[in-house]
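For reference, run_13.cif is printed below; it contains mmCIF, C-alpha atoms.
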data_input
#
loop_
_atom_site.label_atom_id
_atom_site.label_comp_id
_atom_site.auth_asym_id
_atom_site.auth_seq_id
_atom_site.Cartn_x
_atom_site.Cartn_y
_atom_site.Cartn_z
CA MET K 391 29.80 -9.12 -4.66
CA ASN K 392 28.22 -12.52 -4.58
CA ARG K 393 26.49 -12.95 -7.91
CA ALA K 394 24.00 -15.59 -6.77
CA ASP K 395 22.88 -13.43 -3.84
CA PHE K 396 22.55 -10.42 -6.11
CA VAL K 397 20.33 -12.33 -8.53
CA GLU K 398 18.25 -13.69 -5.66
CA GLY K 399 17.80 -10.11 -4.44
CA LEU K 400 16.75 -8.97 -7.90
CA ARG K 401 14.16 -11.72 -8.03
CA GLY K 402 12.68 -10.88 -4.63
CA GLY K 403 12.66 -7.14 -5.26
CA SER K 404 10.99 -7.42 -8.65
CA ALA K 405 7.75 -8.58 -6.99
CA VAL K 406 7.78 -5.45 -4.83
CA ALA K 407 8.60 -3.30 -7.87
CA LEU K 408 5.56 -4.72 -9.65
CA ALA K 409 3.27 -4.14 -6.66
CA SER K 410 4.43 -0.57 -6.17
CA ALA K 411 4.30 0.40 -9.87
CA PRO K 412 0.66 1.61 -9.81
CA PHE K 413 1.47 3.87 -6.87
CA GLY K 414 4.52 5.28 -8.61
CA ALA K 415 2.36 6.09 -11.63
CA LEU K 416 -0.31 7.59 -9.38
CA PHE K 417 2.30 9.73 -7.66
CA GLY K 418 3.53 11.07 -11.00
CA ALA K 419 0.04 11.83 -12.28
CA LEU K 420 -1.07 13.61 -9.09
CA ALA K 421 2.21 15.49 -8.79
CA VAL K 422 1.82 16.93 -12.30
CA GLU K 423 -1.80 17.68 -11.48
CA ASN K 424 -0.62 19.64 -8.43
CA GLY K 425 1.76 21.72 -10.52
CA MET K 426 5.05 19.82 -10.53
CA SER K 427 7.11 19.48 -13.69
CA LEU K 428 8.33 16.10 -14.94
CA SER K 429 11.92 16.85 -13.96
CA GLU K 430 10.74 17.71 -10.44
CA VAL K 431 8.80 14.44 -10.31
CA ALA K 432 11.92 12.52 -11.33
CA PHE K 433 14.05 14.49 -8.86
CA MET K 434 11.68 13.81 -5.98
CA SER K 435 11.30 10.08 -6.70
CA ALA K 436 15.07 9.71 -7.09
CA THR K 437 16.10 11.62 -3.96
CA VAL K 438 13.27 11.18 -1.42
CA TYR K 439 12.29 7.67 -2.59
CA ALA K 440 9.44 7.09 -0.12
CA GLY K 441 5.93 6.73 -1.53
CA ALA K 442 3.73 8.02 1.28
CA SER K 443 5.87 11.03 2.04
CA GLN K 444 6.14 11.91 -1.65
CA MET K 445 2.33 11.98 -1.71
CA VAL K 446 2.32 14.16 1.41
CA GLY K 447 4.76 16.47 -0.32
CA ILE K 448 2.59 17.04 -3.39
CA GLU K 449 -0.52 17.44 -1.22
CA LEU K 450 1.20 20.25 0.70
CA PHE K 451 2.98 21.85 -2.30
CA GLY K 452 -0.49 22.52 -3.71
CA GLN K 453 -1.62 24.33 -0.55
CA ASN K 454 0.98 27.11 -0.44
CA VAL K 455 2.43 25.69 2.76
CA HIS K 456 5.69 26.96 4.25
CA ALA K 457 8.68 24.91 3.15
CA TRP K 458 9.74 24.00 6.68
CA LEU K 459 6.29 22.55 7.40
CA ILE K 460 6.45 20.41 4.25
CA VAL K 461 9.83 19.07 5.30
CA LEU K 462 8.62 18.52 8.86
CA SER K 463 5.54 16.61 7.66
CA ILE K 464 7.67 14.42 5.40
CA LEU K 465 10.03 13.82 8.30
CA ALA K 466 7.07 12.83 10.47
CA VAL K 467 5.60 10.43 7.92
CA ASN K 468 9.00 8.75 7.53
CA PHE K 469 9.69 8.59 11.24
CA ARG K 470 9.08 4.86 11.31
CA HIS K 471 12.33 4.51 9.38
CA VAL K 472 14.21 5.51 12.53
CA LEU K 473 12.91 2.32 14.11
CA TYR K 474 13.75 0.30 10.98
CA SER K 475 17.35 1.45 10.87
CA ALA K 476 17.73 0.80 14.58
CA ALA K 477 16.36 -2.73 14.14
CA LEU K 478 18.59 -3.37 11.13
CA ALA K 479 21.77 -2.37 12.98
CA ARG K 480 22.49 -5.83 14.37
CA TYR K 481 22.46 -7.44 10.90
CA ILE K 482 24.67 -5.02 8.95
CA GLY K 483 27.65 -4.53 11.23
CA HIS K 484 29.91 -6.12 8.62
CA PHE K 485 28.98 -3.67 5.80
CA THR K 486 31.51 -1.02 4.74
CA PRO K 487 30.55 2.66 5.33
CA LEU K 488 29.71 3.11 1.63
CA GLN K 489 27.57 -0.03 1.68
CA LYS K 490 25.80 1.31 4.76
CA PHE K 491 25.07 4.54 2.93
CA PHE K 492 23.28 2.64 0.15
CA THR K 493 21.64 0.34 2.67
CA PHE K 494 19.97 3.26 4.43
CA PHE K 495 19.21 5.19 1.26
CA LEU K 496 17.25 2.21 -0.10
CA LEU K 497 15.53 1.40 3.21
CA VAL K 498 11.83 1.38 2.28
CA ASP K 499 9.17 -0.65 4.12
CA PRO K 500 9.29 -3.91 2.09
CA GLN K 501 13.08 -3.74 1.93
CA PHE K 502 13.21 -3.66 5.73
CA ALA K 503 10.64 -6.41 6.16
CA GLU K 504 12.36 -8.77 3.73
CA ALA K 505 15.84 -8.06 5.10
CA VAL K 506 14.70 -8.90 8.65
CA LYS K 507 12.82 -11.98 7.44
CA ARG K 508 15.91 -13.22 5.61
CA SER K 509 18.16 -12.65 8.62
CA GLU K 510 15.77 -14.34 11.00
CA ALA K 511 15.53 -17.34 8.68
CA GLY K 512 19.25 -17.83 9.34
CA LYS K 513 20.57 -16.65 5.97
CA PRO K 514 23.40 -14.12 6.13
CA LEU K 515 22.37 -10.62 5.09
CA THR K 516 24.86 -9.89 2.32
CA PHE K 517 25.15 -6.50 0.67
CA ALA K 518 24.85 -8.20 -2.73
CA TRP K 519 21.37 -9.50 -1.88
CA TYR K 520 20.27 -6.24 -0.24
CA PHE K 521 21.49 -4.10 -3.14
CA GLY K 522 19.90 -6.35 -5.77
CA PHE K 523 16.60 -6.25 -3.89
CA GLY K 524 16.74 -2.48 -3.54
CA ILE K 525 17.94 -1.41 -6.97
CA ILE K 526 15.29 -3.42 -8.82
CA ILE K 527 12.62 -1.46 -6.90
CA TYR K 528 14.36 1.92 -7.05
CA ILE K 529 14.95 2.23 -10.80
CA PRO K 530 11.39 1.31 -11.89
CA TRP K 531 9.98 3.57 -9.15
CA VAL K 532 11.72 6.62 -10.64
CA LEU K 533 10.90 5.70 -14.25
CA ILE K 534 7.26 4.85 -13.62
CA SER K 535 6.60 8.00 -11.63
CA VAL K 536 7.80 10.01 -14.63
CA ALA K 537 5.62 7.91 -16.96
CA GLY K 538 2.65 8.59 -14.66
CA GLY K 539 3.50 12.28 -14.79
CA MET K 540 3.44 12.19 -18.61
CA LEU K 541 0.01 10.58 -18.58
CA GLY K 542 -1.16 13.02 -15.91
CA GLY K 543 -0.16 15.89 -18.16
CA PHE K 544 -2.91 14.87 -20.60
CA ILE K 545 -5.62 14.98 -17.97
CA GLY K 546 -7.79 18.07 -18.18
CA ASN K 547 -10.15 18.37 -15.22
CA PRO K 548 -9.10 16.03 -12.38
CA LYS K 549 -12.58 16.11 -10.83
CA ALA K 550 -14.22 14.89 -14.03
CA ILE K 551 -12.25 11.64 -13.85
CA GLY K 552 -12.37 11.35 -10.06
CA LEU K 553 -8.66 11.96 -9.41
CA ASP K 554 -9.34 14.28 -6.48
CA ILE K 555 -10.52 11.45 -4.19
CA LEU K 556 -7.42 9.28 -4.69
CA LEU K 557 -5.05 11.23 -2.44
CA PRO K 558 -7.28 11.25 0.69
CA ALA K 559 -8.22 7.61 0.04
CA TYR K 560 -4.53 6.74 -0.28
CA PHE K 561 -3.74 8.45 3.02
CA LEU K 562 -6.68 6.69 4.67
CA GLY K 563 -5.17 3.39 3.54
CA ILE K 564 -1.83 4.17 5.13
CA VAL K 565 -3.53 5.29 8.34
CA LEU K 566 -5.35 1.94 8.45
CA GLY K 567 -2.00 0.20 8.02
CA PHE K 568 -1.10 1.41 11.51
CA ARG K 569 -4.33 0.23 13.14
CA LYS K 570 -2.67 -2.66 15.00
CA ARG K 571 -0.46 -0.26 16.94
CA ASP K 572 -1.14 0.61 20.57
CA ASN K 573 -3.59 3.44 21.16
CA PHE K 574 -4.28 3.69 17.42
CA LEU K 575 -7.97 4.56 17.75
CA PRO K 576 -7.69 7.32 20.39
CA VAL K 577 -4.69 8.82 18.57
CA ALA K 578 -6.45 8.82 15.19
CA LEU K 579 -9.69 10.21 16.64
CA VAL K 580 -8.00 13.02 18.53
CA SER K 581 -5.85 13.95 15.52
CA ALA K 582 -8.92 13.89 13.27
CA VAL K 583 -10.99 16.16 15.54
CA ALA K 584 -8.09 18.49 16.29
CA SER K 585 -7.16 18.83 12.60
CA VAL K 586 -10.74 19.62 11.56
CA VAL K 587 -11.12 22.20 14.35
CA ALA K 588 -7.74 23.73 13.44
CA TYR K 589 -8.66 23.74 9.76
CA ARG K 590 -11.89 25.59 10.57
CA TYR K 591 -10.59 28.12 13.11
CA VAL K 592 -6.85 28.49 12.46
CA GLY K 593 -6.68 27.55 8.79
CA SER K 594 -4.52 25.45 6.49
CA PRO K 595 -1.65 24.48 6.74
CA TRP K 596 -1.71 24.64 10.54
CA HIS K 597 -4.25 21.83 10.75
CA VAL K 598 -1.43 19.42 9.88
CA SER K 599 0.92 20.34 12.72
CA LEU K 600 -1.78 21.10 15.31
CA GLY K 601 -3.76 17.92 14.58
CA ALA K 602 -0.65 15.75 14.63
CA ALA K 603 0.65 17.38 17.83
CA ALA K 604 -2.65 16.59 19.59
CA GLY K 605 -2.47 12.89 18.65
CA ILE K 606 1.21 12.55 19.53
CA ALA K 607 0.75 14.30 22.89
CA LEU K 608 -2.12 11.95 23.70
CA ALA K 609 0.04 8.91 22.88
CA ALA K 610 2.78 10.17 25.21
CA LEU K 611 0.28 10.69 28.05
CA LEU K 612 -1.74 7.47 27.77
CA PRO K 613 -0.76 4.49 29.97
CA LEU K 614 2.20 2.64 28.49
CA PRO K 615 1.61 -0.69 26.73
CA ARG K 616 3.66 -3.71 27.67
CA GLU K 617 4.54 -5.19 24.29
CA VAL K 618 7.06 -3.90 21.81
CA PRO K 619 5.62 -2.87 18.43
CA ASP K 620 5.81 -5.47 15.66
CA LEU K 621 7.87 -3.51 13.17
CA GLU K 622 8.08 -6.23 10.61
CA ALA K 623 4.31 -6.60 10.49
CA ASP K 624 4.02 -2.82 10.01
CA ALA K 625 6.49 -2.89 7.18
CA LEU K 626 4.81 -5.82 5.45
CA GLN K 627 1.41 -4.22 5.90
CA SER K 628 2.53 -1.16 4.00
CA GLU K 629 4.09 -3.25 1.23
CA VAL K 630 1.03 -3.07 -0.97
CA HIS K 631 0.75 0.65 -1.09
CA GLU K 632 4.18 1.97 -0.59
CA VAL K 633 7.70 1.83 -1.77
CA MET P 871 9.51 21.42 -18.34
CA GLU P 872 10.83 24.06 -15.96
CA PHE P 873 12.82 23.25 -12.87
CA ASP P 874 11.91 25.62 -10.08
CA LEU P 875 14.86 26.27 -7.77
CA HIS P 876 12.71 26.80 -4.68
CA MET P 877 10.82 23.56 -5.32
CA ALA P 878 14.10 21.73 -5.93
CA LEU P 879 15.50 22.96 -2.62
CA VAL P 880 12.36 21.87 -0.73
CA ILE P 881 12.58 18.44 -2.36
CA LEU P 882 16.26 18.22 -1.48
CA ALA P 883 15.53 19.15 2.14
CA ALA P 884 12.81 16.49 2.20
CA ALA P 885 15.31 13.97 0.84
CA VAL P 886 17.84 14.87 3.53
CA ALA P 887 15.12 14.59 6.22
CA THR P 888 14.09 11.19 4.87
CA PHE P 889 17.67 9.95 4.79
CA ALA P 890 18.15 11.24 8.33
CA THR P 891 15.28 9.01 9.51
CA ARG P 892 16.77 6.06 7.62
CA ILE P 893 20.16 6.37 9.24
CA GLY P 894 19.05 8.00 12.51
CA GLY P 895 17.95 4.82 14.27
CA TYR P 896 21.23 3.15 13.44
CA ILE P 897 23.22 6.06 14.84
CA LEU P 898 21.02 6.23 17.94
CA ILE P 899 21.12 2.52 18.67
CA THR P 900 24.90 2.29 18.27
CA ARG P 901 25.31 5.20 20.71
CA MET P 902 22.61 4.73 23.32
CA LYS P 903 21.18 1.58 24.83
CA SER P 904 17.44 2.29 24.59
CA ILE P 905 14.79 4.91 23.89
CA PRO P 906 12.66 6.10 26.88
CA PRO P 907 9.28 4.31 26.75
CA ARG P 908 7.13 7.47 26.64
CA MET P 909 9.23 8.84 23.81
CA GLU P 910 8.85 5.54 21.98
CA ALA P 911 5.06 5.66 22.46
CA ALA P 912 5.01 9.18 21.05
CA LEU P 913 7.22 8.18 18.11
CA ASN P 914 4.99 5.20 17.41
CA ALA P 915 1.99 7.50 17.14
CA VAL P 916 3.64 9.96 14.74
CA PRO P 917 2.69 8.45 11.36
CA ALA P 918 -0.97 7.78 12.24
CA ALA P 919 -1.35 11.21 13.82
CA VAL P 920 0.16 13.06 10.85
CA LEU P 921 -1.65 11.14 8.13
CA THR P 922 -5.01 11.46 9.88
CA THR P 923 -4.70 15.24 9.60
CA LEU P 924 -4.56 14.85 5.83
CA VAL P 925 -7.70 12.69 5.65
CA ALA P 926 -10.04 14.28 8.20
CA PRO P 927 -10.21 17.82 6.71
CA ALA P 928 -10.60 16.34 3.20
CA PHE P 929 -13.63 14.44 4.53
CA PHE P 930 -14.88 17.56 6.30
CA ILE P 931 -14.69 19.95 3.34
CA GLY P 932 -15.41 17.41 0.58
CA GLY P 933 -18.82 17.09 -1.07
CA TRP P 934 -21.24 14.30 -0.17
CA GLU P 935 -19.78 12.10 -2.89
CA SER P 936 -16.33 12.44 -1.31
CA LYS P 937 -17.64 11.74 2.20
CA LEU P 938 -19.46 8.61 1.00
CA ALA P 939 -16.41 7.50 -0.98
CA LEU P 940 -14.13 7.74 2.05
CA ILE P 941 -16.61 5.85 4.24
CA VAL P 942 -16.86 3.07 1.65
CA ALA P 943 -13.07 3.07 1.31
CA LEU P 944 -12.73 2.68 5.08
CA PHE P 945 -14.84 -0.48 5.08
CA VAL P 946 -13.11 -1.89 2.01
CA GLY P 947 -9.74 -1.21 3.65
CA LEU P 948 -10.77 -3.02 6.82
CA ARG P 949 -12.18 -6.02 4.96
CA ILE P 950 -10.33 -6.43 1.68
CA SER P 951 -7.14 -4.56 0.76
CA HIS P 952 -5.65 -1.14 0.48
CA THR P 953 -5.38 -1.27 -3.28
CA TRP P 954 -9.11 -1.95 -3.58
CA MET P 955 -9.79 1.03 -1.30
CA LEU P 956 -8.59 3.34 -4.05
CA VAL P 957 -10.71 1.55 -6.63
CA ALA P 958 -13.79 1.68 -4.38
CA ALA P 959 -13.38 5.38 -3.52
CA TRP P 960 -12.89 6.22 -7.17
CA ALA P 961 -15.92 4.15 -8.27
CA VAL P 962 -18.20 5.82 -5.70
CA VAL P 963 -17.11 9.32 -6.70
CA MET P 964 -17.48 8.62 -10.42
CA GLY P 965 -20.79 6.81 -9.95
CA TRP P 966 -22.21 9.70 -7.96
CA ARG P 967 -20.98 12.41 -10.33
CA TYR P 968 -22.31 10.70 -13.43
CA THR P 969 -25.72 9.77 -12.00
CA ILE P 970 -26.64 12.31 -9.31
CA GLY P 971 -24.27 15.02 -10.53
CA ALA P 972 -21.35 16.85 -8.99
#
Can the structure in the file be given as structure tokens, please?
Amino acid sequence: MNRADFVEGLRGGSAVALASAPFGALFGALAVENGMSLSEVAFMSATVYAGASQMVGIELFGQNVHAWLIVLSILAVNFRHVLYSAALARYIGHFTPLQKFFTFFLLVDPQFAEAVKRSEAGKPLTFAWYFGFGIIIYIPWVLISVAGGMLGGFIGNPKAIGLDILLPAYFLGIVLGFRKRDNFLPVALVSAVASVVAYRYVGSPWHVSLGAAAGIALAALLPLPREVPDLEADALQSEVHEV
Amino acid sequence: MEFDLHMALVILAAAVATFATRIGGYILITRMKSIPPRMEAALNAVPAAVLTTLVAPAFFIGGWESKLALIVALFVGLRISHTWMLVAAWAVVMGWRYTIGA
């Protein structure tokens, strides 16, 4: 491993670690509030390692939702990573299989954005840099989510300190992060209306799958756009609120 | 600090699903040349469609303080930043509950 590249990666990743720390703490606090234990918080941060979908997980755990629907929702929220790993393919052909395993395990939004930026600037994408960048975000993410969970354990009534609004506001923020994408407004509107109608007449948790299906079906049926989506802009956009 | 086996298995399944998305594109792209455009449009819409279903019912069933907070958060998110959205939503909810009442 190239030591200089590794250190450069550590330096770049530490800024992301700092920016994502409040969200890690928030995840831990809300997870404990929704009935998770500290070891489950640590387990989830360490294995799933994807901020938005971890939040989706705790939102749905609290609603007595079928396990397969939780997993499906998490899969859906992380679907953008399919596009990231496809886009990354051309830069990591020289990695060993084990290095590729870690590369994909650590592939969060800012990691993708910075890796592409670095490659496009003409610098070689070494595993030393990538791993340094990733590990300095990963370790604090796990630790801080547990710390947030410890603090959350002290909180009595979440409504009294306004915790209940943070999860929907957080999700709203991520939704807005996708607003530059094609057909964003019609998709969001149709999903919103369909999910509220489903919530009212079918009931939770079906509003999640029915609402999402309506928006996705609409996107498939609408006239096709000409441009390709700007993945890197997406990834950078979500940098502030997600690991 | 109990560790519920069912919960652990759901988390593990979620982790496997997440890893599958993180390696899936690589496997697809090294095997096939391109994704059909309509499928790509549908895939592009997935995150916004799913996350909207988590916001809209919360707005619908929430009290007036929650509705106002989410509207304020929307404008803050469009104008300033996503971090400040959380602060704004929280401030509105707290302000309402401690002046007008829950």
Could you expand the PyMOL selection byres ((chain K) within 6 of (chain P)) into the explicit residues it covers here, written as a PyMOL selection string?
chain K and resi 427+434+437-438+461+465+467+469+471-473+475-476+479+494+552+558-559+563+565+578+581-582+585-586+598+601-602+605-606+609-610
K:Leu562, K:Ile448, K:Trp596, K:Ile555: which is nearest P:Trp934, counting only C-alpha atoms?
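Among the listed residues, K:Ile555 lies closest to P:Trp934.
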By how many Å are atom CA of K:Ala442 and atom CA of K:Ser463 apart?
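Here the two named atoms are 10.9 Å from each other.
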Counting all atoms listed in the file, select every polymer residue within 9 Å of (5.6, 15.9, -2.5) as defined in the file's coordinates, and provide the selection as a PyMOL selection string.
(chain K and resi 417+421+426+431+434+442-451+460+464) or (chain P and resi 881+884)
Write out as a Markdown table the residues of stretch 475-535 of chain K that have any atom within 6 Å of an atom of stretch 400-413 of chain K, one row each with the nearest atom pair and its distance in Å to one decimal, counting only C-alpha atoms, sorted by chain and then rising number.
| residue | atom | partner | partner_atom | distance |
| --- | --- | --- | --- | --- |
| K:Gly522 | CA | K:Leu400 | CA | 4.6 |
| K:Phe523 | CA | K:Gly403 | CA | 4.3 |
| K:Ile526 | CA | K:Gly403 | CA | 5.8 |
| K:Ile527 | CA | K:Ala407 | CA | 4.5 |
Please provide the set of residues having any atom within 9 Å of K:Ile482, restricted to only C-alpha atoms, with same-chain residues fewer than 3 positions apart removed, written as a list in words.
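Counting only the stated atoms, we get Leu478, Ala479, Phe485, Thr486, Lys490, Thr493, Leu515, Thr516 and Phe517 of chain K.
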Tell me, in Å to one decimal, how far atom CA of K:Ile534 is from atom CA of K:Gly418.
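Separating atom CA of K:Ile534 from atom CA of K:Gly418 is a distance of 7.7 Å.
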For K:Val506, the nearest of the candidates K:Phe492, K:Trp458, K:Tyr520, K:Tyr439, counting only C-alpha atoms:
K:Tyr520
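Among K:Phe561, K:Phe491, K:Tyr481, K:Tyr589, the residue with the shortest atom-to-atom distance to K:Phe521, counting only C-alpha atoms, is K:Phe491.
Going from atom CA of P:Pro906 over to atom CA of K:Ala603, you cover 18.8 Å.
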List as number ranges by chain the protein and nucleic acid residues near K:Val532, meaning an atom at most 6 Å away when all atoms listed in the file are counted, but skip any in the same chain fewer than 6 places from it.
K: 432, 435-436
Option closest in space to K:Tyr560, from K:Leu420, K:Tyr528, K:Gln489, K:Asn468 [counting all atoms listed in the file]:
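Smallest separation from K:Tyr560 among the options: K:Leu420.
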